[in-house]
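Contents: one structure, followed by commentary.
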Amino acid sequence: MILLTVRELSRQFDTEPVFANVTFDVHSGERIGLVGPNGTGKTTLLRILAGFDDADVGSVERHPTTDIALLEQEMHFESARTLFEEARSGLSHLYQKQDDAERLAEAIAAETDDANRERLQRRYDSAQEELDRLGAYNVDHRVREVLRGLGFQTDEYDKPLVEFSGGQQNRAILARLLLRSPGVMLLDEPTNHLDIVATEWLEGYLSRCESAVILVSHDRYFLDRVTTRIFEMNNARLTSYTGNFSAYWRQRDERATLLERTFEKQRDLIAKTENFIRRNKYGQKHAQAADREKKLERINQVELPNEIATPAMTFGSPSRTGDWVIDATSISKGFDTVLFEDLTLRIHRGDRIGILGPNGSGKTTLLRTLVADLAPDAGSVRFGTGVKVGYFDQHLSSVKADIDAVEAVRPHNQPEFTPAMARSLLARFGIRGDLALQKVGAMSGGEKSKVALAKVAAQNVNLLVLDEPTNHLDLWARESLERALGEFDGTLIFVSHDRYFVDRVAAHVIVLEPDRWRFYEGNYSRYVEFRKNQSLEASLSGTGSGTEHVNRSTEASASISAAPENALKPKRKRRFPYRKASELEAEIAGREEQLEQLKASLADPETHRDGERAKRTLQAFEQTQKELEEFYAHWEEAVELN
């Protein structure tokens with residue numbers, strides 16, 4: 001069923017349209033990701049669909065039985081309500097039906113006329129059937145389930161909403177909308193203010209819900225797991241792609257390649273036709289020339305795809321440090337409560353460490369403690385030889401609001417760093433032209449983030465410390481940042497909720513959990529797979545909860561430095577030639593895919609009908625397994641010794 005029909009929609013603020021001639025349908029159960037560079041009108045489109053804004057041209061037709069609700073980035077809530085009351089207001093229609101049924105029951109009890117009582121009884125039975133169909137008898141349980149999923153604790157339910165932080169209030173408004181479950185749910189950056197655990201819960205919830213969903217998000221993991229279709233907004237146009245984010249990213253490249261080829265062929269055809277017309281317009285073939293001229297006028301010329309500008313970010317060539325960069329010994333830190341304690345870690349040159357954990361677990365505090373911005377309550381932190389730290393603060397306090405971008409990025413201890421050099425650096429981070437002369441305080445969040453990243457790059461550091469660097473960046477800026485960090489030869493420590501970013505950048509992860517911290521080899525996906533395997537092994541072996549198992553395995557795997565005495569041991573000799581860990585990871589991914597294909601072939605009965613084919617397939621499978629073992633060993637060596 002079509003729930004929403006959009007035809008020829010256009011909206012314009014200045015001389016150029018934000019978008020023009022936007023046309024699409026939304027069907028029941030569709031989950032659409034709305035993506036595009038910052039400033040292309042994604043939020044404006046959602047507001048028009050919700051009826052909060054008007055288009056200049058075009059129409060939005062809603063199915064008569066379909067309600068539409070928008071989660072905006074700016075909150076609106078009843079200030080006098082508690083958290084639980086605000087969330088349960090999303091189910092007000094069910095509570096109203098419960099109240100109606102209770103009033104019917106009271107009326108039946110008070111009625112003395114048999115005919116009226118029978119009529120009321122029929123209405124009451126019908127109301128009970130409706131309540132049963134809607135699952136209205138466990139509504140409080142549904143409210144608690146959603147609040148838990150979004151990261152709230154039970155003791156917070158009766159707390160007035162005004163006493164919560166802005167991020168928590170946003171989560172409460174999201175809970176209210178999810179419980180309301182409108183026919184079409186419009187979500188503008190729903191994962192803002194959610195940690196990884198809550199984001200994963202939301203992925204599952206949206207994948208199961210019956211509402212059609214249109215969501216704006218820069219979270220590529222989230223888009224991959226939730227969406228069934230992608231709308232890209234760019235250059236005032238909307239282009240539709242089938243499938244999730246990964247399918248869209250692939251189709252986008254394929255479509256661009258096809259358009260470029262078609263454009264080249266059409267250009268050659270036009271050039272040849274024009275040449276024929278020019279040579280024969282007044283000759284014997286003038287009739288043919290005139291015919292081709294008419295055909296040429298009717299050609300719809302193919303337009304080249306509008307490329308989305310990707311900033312060419314770079315952090316330069318860092319100076320060399322000693323073999324180890326940070327040595328943290330038995331450090332602890334807390335404020336009202338202890339966030340982490342007895343944490344011992346030695347970080348070596350070239351390490352790439354991501355710090356994960358739920359909101360409030362102390363990720364930023366750990367980051368600041370490791371770089372001596374905060375003093376530990378216990379233990380000590382030392383820097384290695386020649387370490388120069390560049391710190392990116394998620395609150396962007398490093399760039400002053402009352403100065404322009406050029407002045408904001410210039411290092412005060414480098415008088416030779418000229419305004420021209422600053423403008424060149426800013427351009428590499430996507431801040432060009434007059435924007436570079438604009439006051440930082442007047443910039444958007446994404447523009448401020450790029451200025452802050454450029455300021456770090458200007459310092460020519462060898463230890464990058466980044467706290468939520470992808471906040472406010474669109475998909476294309478995030479990809480550019482990932483590429484720049486992949487090319488950076490120094491050491492990297494960062495905090496991020498962006499799982500896609502962690503996968504692309506991290507070689508190790510530190511996970512902060514309540515009352516403990518754990519170190520894991522590999523990126524986010526390897527960490528998740530490791531935890532799944534540990535839980536499965538614990539379940540099969542009957543060893544109880546996975547916690548103890550994780551503790552033991554983590555201690556065994558923390559080759560980076562589980563204790564000071566381990567860090568002082570001499571490095572082992574190289575067994576394999578030098579290669580970057582990222583290169584080996586790509587090789588491993590290819591071999592793993594090859595192994596899965598061979599496994600599928602071995603499971604295919606057709607393979608075994610040909611004895612020679614079965615033998616070759618088995619040999620290839622065993623050979624690929626051996627190669628994978630070698631690559632795993634090579635990767636472990638690279639992680640430890642590079």
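Scheme for the structure tokens: letters A, B, ... for chains in order shown; per-chain residue numbers from 1; ligand numbers from 1 in order shown.
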Exercise: stretch 521-532 of chain A partners within 7 Å, only C-alpha atoms, chain neighbours under 5 positions left out, as a PyMOL selection string: chain A and resi 499+502-503+506-509+557
Need the shell around A:Ala309: protein/DNA/RNA residues with any atom at most 9 Å away, counting only C-alpha atoms. Skip same-chain ones fewer than 6 positions apart. Format as a ChimeraX atom specification? /A:37,430,476-477
Work out how far atom CA of A:Glu86 is from atom CA of A:Thr66, in Å to one decimal. 23.0 Å
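With only C-alpha atoms as the basis for measurement, A:Arg88 is the residue among A:Lys272, A:Lys439, A:Arg267, A:Arg88 that approaches A:Leu177 most closely.
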Which one of A:Pro577, A:Gly590, A:Gly486, A:Pro182 sits closest to A:Met313 if you count only C-alpha atoms?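 Looking at the shortest contact to A:Met313, the residue is A:Gly486.
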Of the residues A:Leu9, A:Ala20, A:Leu492, A:Leu618, which is the one nearest to A:Ala55, using only C-alpha atoms? A:Leu9
